[in-house]
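Input: a single structure, listed below in structure tokens.
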Amino acid sequence: MTYAFPPGGLPDQSVRPEGTAVFTPAYAVLPAVTQRDIVTSFLPGWTGTRAWILARPLSGFAETFAQYAVEIAPGGGSDAPEPDSMAQTVILVASGALRLTIKGQGHDMTPGGYAYIPPGADWTLRNSGDAACQLHLVRKRYAPAPGIDAPDAFVTSDHAVAPTPMPDCNGVWSTTRFVDPADLRHDMHVNIVTFQPGGRIPFAETHVMEHGLYVLQGTADYLLNTDWVPVGPGDFMWLRAFCPQACIATGTEPFRYLLYKDVNRHPVL
């Protein structure tokens, strides 16, 4: 298993600037080649850290979440990483070593490590290794529901959770679900979706959930609205509600992506 991350750096002056980035009313594609040093931000309360902010709530587009790729230098991190007391966070470690502490309990995380941090939790994180720690981070403001408690924090790993095969697909399409879909405490899911070469979504999904999709490994042709777009490691897709979508995995290795979606709540009227 591999976990792609922005390449950083800067192409040399011989490279022509035409690219494959797309922003439409229905979807956006940020290819890995666009995720360079000059589009990073520093974060208040974090040290030795830079972040690619790949998605943020945007009126008239996708409005529920923010998604980052975060790179932390050795010894860097934060003792106050979250400025919004109602925000919940998911972390997936792409490379390096991370020491995550939630409510006083420490967790050592390595590539594939996954954590869910509920709103209002006291948490810190620190690069505990000798090389840069790279991680994917998704934030969403929690939507309380009557009679339902907020979720508990947990830390696990991509390697520790068995993928669930999707029905009627002979095992070529599976989803690693870190949260039980029937657990109504959770109002977002951040899963890893895997297609074996040739596997596909066999219809154009069209639904209310917004998506962030970060390609972790492999290649595919992805249907976005009416356009087929080739994607590969490090490419990010950002979909508003009801954007039709499907994919066909290409190449010789599994096609895997980190998938955000909002779930389990009435629409706000």
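The chains in the structure tokens are called A, B, ... from first to last as shown; in each chain the residues are counted from 1, and the ligands are counted from 1 in the order shown.
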Can you list, as a PyMOL selection string, all residues belonging to segment 157-199 of chain A that DSSP tags as strand (DSSP E or B)?
-> chain A and resi 157+164-165+173-176+188-195
Emit the selected residues as a PDB file, in the first residue's frame, including N, CA, C and O atoms.
ATOM      1  N   SER A 157      -5.830   1.819  11.949  1.00  0.00           N
ATOM      2  CA  SER A 157      -4.932   1.842  10.801  1.00  0.00           C
ATOM      3  C   SER A 157      -5.622   1.229   9.596  1.00  0.00           C
ATOM      4  O   SER A 157      -6.476   0.337   9.730  1.00  0.00           O
ATOM      5  N   THR A 164     -14.446  -3.955   2.968  1.00  0.00           N
ATOM      6  CA  THR A 164     -15.731  -4.606   2.755  1.00  0.00           C
ATOM      7  C   THR A 164     -16.013  -4.668   1.260  1.00  0.00           C
ATOM      8  O   THR A 164     -16.121  -3.620   0.604  1.00  0.00           O
ATOM      9  N   PRO A 165     -16.131  -5.878   0.677  1.00  0.00           N
ATOM     10  CA  PRO A 165     -16.430  -5.955  -0.755  1.00  0.00           C
ATOM     11  C   PRO A 165     -17.811  -5.365  -1.043  1.00  0.00           C
ATOM     12  O   PRO A 165     -18.767  -5.564  -0.287  1.00  0.00           O
ATOM     13  N   TRP A 173     -14.138  -4.300  -6.237  1.00  0.00           N
ATOM     14  CA  TRP A 173     -14.469  -2.996  -5.660  1.00  0.00           C
ATOM     15  C   TRP A 173     -14.745  -3.212  -4.178  1.00  0.00           C
ATOM     16  O   TRP A 173     -15.580  -4.032  -3.807  1.00  0.00           O
ATOM     17  N   SER A 174     -14.008  -2.504  -3.335  1.00  0.00           N
ATOM     18  CA  SER A 174     -14.209  -2.647  -1.893  1.00  0.00           C
ATOM     19  C   SER A 174     -14.012  -1.302  -1.215  1.00  0.00           C
ATOM     20  O   SER A 174     -13.412  -0.384  -1.766  1.00  0.00           O
ATOM     21  N   THR A 175     -14.539  -1.206   0.016  1.00  0.00           N
ATOM     22  CA  THR A 175     -14.446   0.027   0.785  1.00  0.00           C
ATOM     23  C   THR A 175     -13.949  -0.288   2.190  1.00  0.00           C
ATOM     24  O   THR A 175     -14.517  -1.145   2.875  1.00  0.00           O
ATOM     25  N   THR A 176     -12.889   0.383   2.605  1.00  0.00           N
ATOM     26  CA  THR A 176     -12.405   0.282   3.980  1.00  0.00           C
ATOM     27  C   THR A 176     -13.165   1.307   4.798  1.00  0.00           C
ATOM     28  O   THR A 176     -12.926   2.514   4.690  1.00  0.00           O
ATOM     29  N   MET A 188     -20.208  12.287   9.190  1.00  0.00           N
ATOM     30  CA  MET A 188     -19.340  12.211   8.021  1.00  0.00           C
ATOM     31  C   MET A 188     -18.630  10.864   8.036  1.00  0.00           C
ATOM     32  O   MET A 188     -18.409  10.266   9.096  1.00  0.00           O
ATOM     33  N   HIS A 189     -18.310  10.391   6.843  1.00  0.00           N
ATOM     34  CA  HIS A 189     -17.483   9.206   6.682  1.00  0.00           C
ATOM     35  C   HIS A 189     -16.253   9.585   5.882  1.00  0.00           C
ATOM     36  O   HIS A 189     -16.352  10.305   4.877  1.00  0.00           O
ATOM     37  N   VAL A 190     -15.098   9.116   6.322  1.00  0.00           N
ATOM     38  CA  VAL A 190     -13.858   9.263   5.571  1.00  0.00           C
ATOM     39  C   VAL A 190     -13.302   7.853   5.400  1.00  0.00           C
ATOM     40  O   VAL A 190     -12.759   7.277   6.345  1.00  0.00           O
ATOM     41  N   ASN A 191     -13.497   7.296   4.221  1.00  0.00           N
ATOM     42  CA  ASN A 191     -13.171   5.911   3.923  1.00  0.00           C
ATOM     43  C   ASN A 191     -12.044   5.833   2.902  1.00  0.00           C
ATOM     44  O   ASN A 191     -11.671   6.834   2.281  1.00  0.00           O
ATOM     45  N   ILE A 192     -11.513   4.632   2.706  1.00  0.00           N
ATOM     46  CA  ILE A 192     -10.615   4.356   1.589  1.00  0.00           C
ATOM     47  C   ILE A 192     -11.316   3.399   0.641  1.00  0.00           C
ATOM     48  O   ILE A 192     -11.772   2.325   1.052  1.00  0.00           O
ATOM     49  N   VAL A 193     -11.438   3.808  -0.606  1.00  0.00           N
ATOM     50  CA  VAL A 193     -12.088   3.004  -1.639  1.00  0.00           C
ATOM     51  C   VAL A 193     -11.004   2.385  -2.514  1.00  0.00           C
ATOM     52  O   VAL A 193     -10.045   3.064  -2.901  1.00  0.00           O
ATOM     53  N   THR A 194     -11.157   1.090  -2.822  1.00  0.00           N
ATOM     54  CA  THR A 194     -10.155   0.365  -3.606  1.00  0.00           C
ATOM     55  C   THR A 194     -10.820  -0.334  -4.786  1.00  0.00           C
ATOM     56  O   THR A 194     -11.832  -1.028  -4.611  1.00  0.00           O
ATOM     57  N   PHE A 195     -10.239  -0.149  -5.970  1.00  0.00           N
ATOM     58  CA  PHE A 195     -10.635  -0.897  -7.167  1.00  0.00           C
ATOM     59  C   PHE A 195      -9.431  -1.675  -7.672  1.00  0.00           C
ATOM     60  O   PHE A 195      -8.330  -1.111  -7.811  1.00  0.00           O
TER      61      PHE A 195
END
Near segment 78-83 of chain A, counting only C-alpha atoms, which residues have an atom at most 9 Å away, once you skip same-chain residues fewer than 6 positions from it, shown as a CSV table (one decimal) with C-alpha atoms, in the first residue's frame?
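The file below, selection_3.csv, is the result:
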chain,number,residue,atom,x,y,z
A,43,LEU,CA,-1.2,27.5,10.2
A,44,PRO,CA,-1.7,29.5,13.4
A,45,GLY,CA,-0.7,27.5,16.4
A,46,TRP,CA,1.4,25.0,14.4
A,47,THR,CA,5.2,25.0,14.2
A,49,THR,CA,4.3,22.9,9.4
A,89,THR,CA,-11.1,15.8,12.4
A,122,ASP,CA,-8.3,18.1,23.8
A,123,TRP,CA,-5.6,16.9,21.3
A,124,THR,CA,-2.1,17.6,20.2
A,125,LEU,CA,0.2,16.2,17.5
A,126,ARG,CA,3.9,16.1,17.0
Work out how far atom CA of Ala131 of chain A is from atom CA of Thr40 of chain A, in Å to one decimal.
->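 The value is 18.9 Å.
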May I have a table of the residues of segment 205-254 of chain A lying at most 10 Å from segment 51-66 of chain A, giving each one's closest pair of atoms and their distance in Å to one decimal, counting only C-alpha atoms, ordered by chain and ascending residue number, as a tab-separated table?
residue	atom	partner	partner_atom	distance
A:Met209	CA	A:Ala62	CA	9.3
A:Glu210	CA	A:Ala62	CA	6.1
A:His211	CA	A:Ala62	CA	7.9
A:Gly212	CA	A:Ala55	CA	7.6
A:Tyr214	CA	A:Leu54	CA	9.4
A:Phe236	CA	A:Leu54	CA	7.5
A:Met237	CA	A:Leu54	CA	9.1
A:Trp238	CA	A:Ala55	CA	7.1
A:Leu239	CA	A:Ala62	CA	6.7
A:Arg240	CA	A:Ala62	CA	4.6
A:Ala241	CA	A:Ala62	CA	6.9
Quick one: distance from atom CA of Ala220 of chain A to atom CA of Ala69 of chain A in Å, one decimal?
-> 21.3 Å
Rank nothing, just name the residue among A:Gln67, A:Gly104, A:Arg185, A:Arg99 nearest to Pro118 of chain A, using only C-alpha atoms.
->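 Of A:Gln67, A:Gly104, A:Arg185, A:Arg99, the one nearest Pro118 of chain A is A:Arg185, counting only C-alpha atoms.
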Using only C-alpha atoms, which of the listed residues (A:Val15, A:Val22, A:Met166, A:Leu10) sits closest to Val39 of chain A?
->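 Once distances to Val39 of chain A are computed over only C-alpha atoms, the minimum belongs to A:Leu10.
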Can you work out which one of A:Met1, A:Gly48, A:Pro146, A:Asp37 has the shortest atom-to-atom distance to Gly218 of chain A, counting only C-alpha atoms?
-> A:Met1
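Proximity ranking of A:Gly171, A:Leu98, A:Arg177, A:Ala28 relative to Ser128 of chain A places A:Leu98 first, based on only C-alpha atoms.
Checking A:Tyr257, A:Ile102, A:Pro6, A:Thr226 one by one against Arg36 of chain A, counting only C-alpha atoms, you find the shortest gap at A:Pro6.
Closest to Leu30 of chain A among A:Gly232, A:Pro144, A:Pro111, A:Gly251 is A:Gly232, based on only C-alpha atoms.
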Write out as number ranges by chain the residues lying within 10 Å of Asp183 of chain A, counting only C-alpha atoms and excluding same-chain residues fewer than 2 positions away.
-> A: 148, 151, 179-181, 185-187, 264
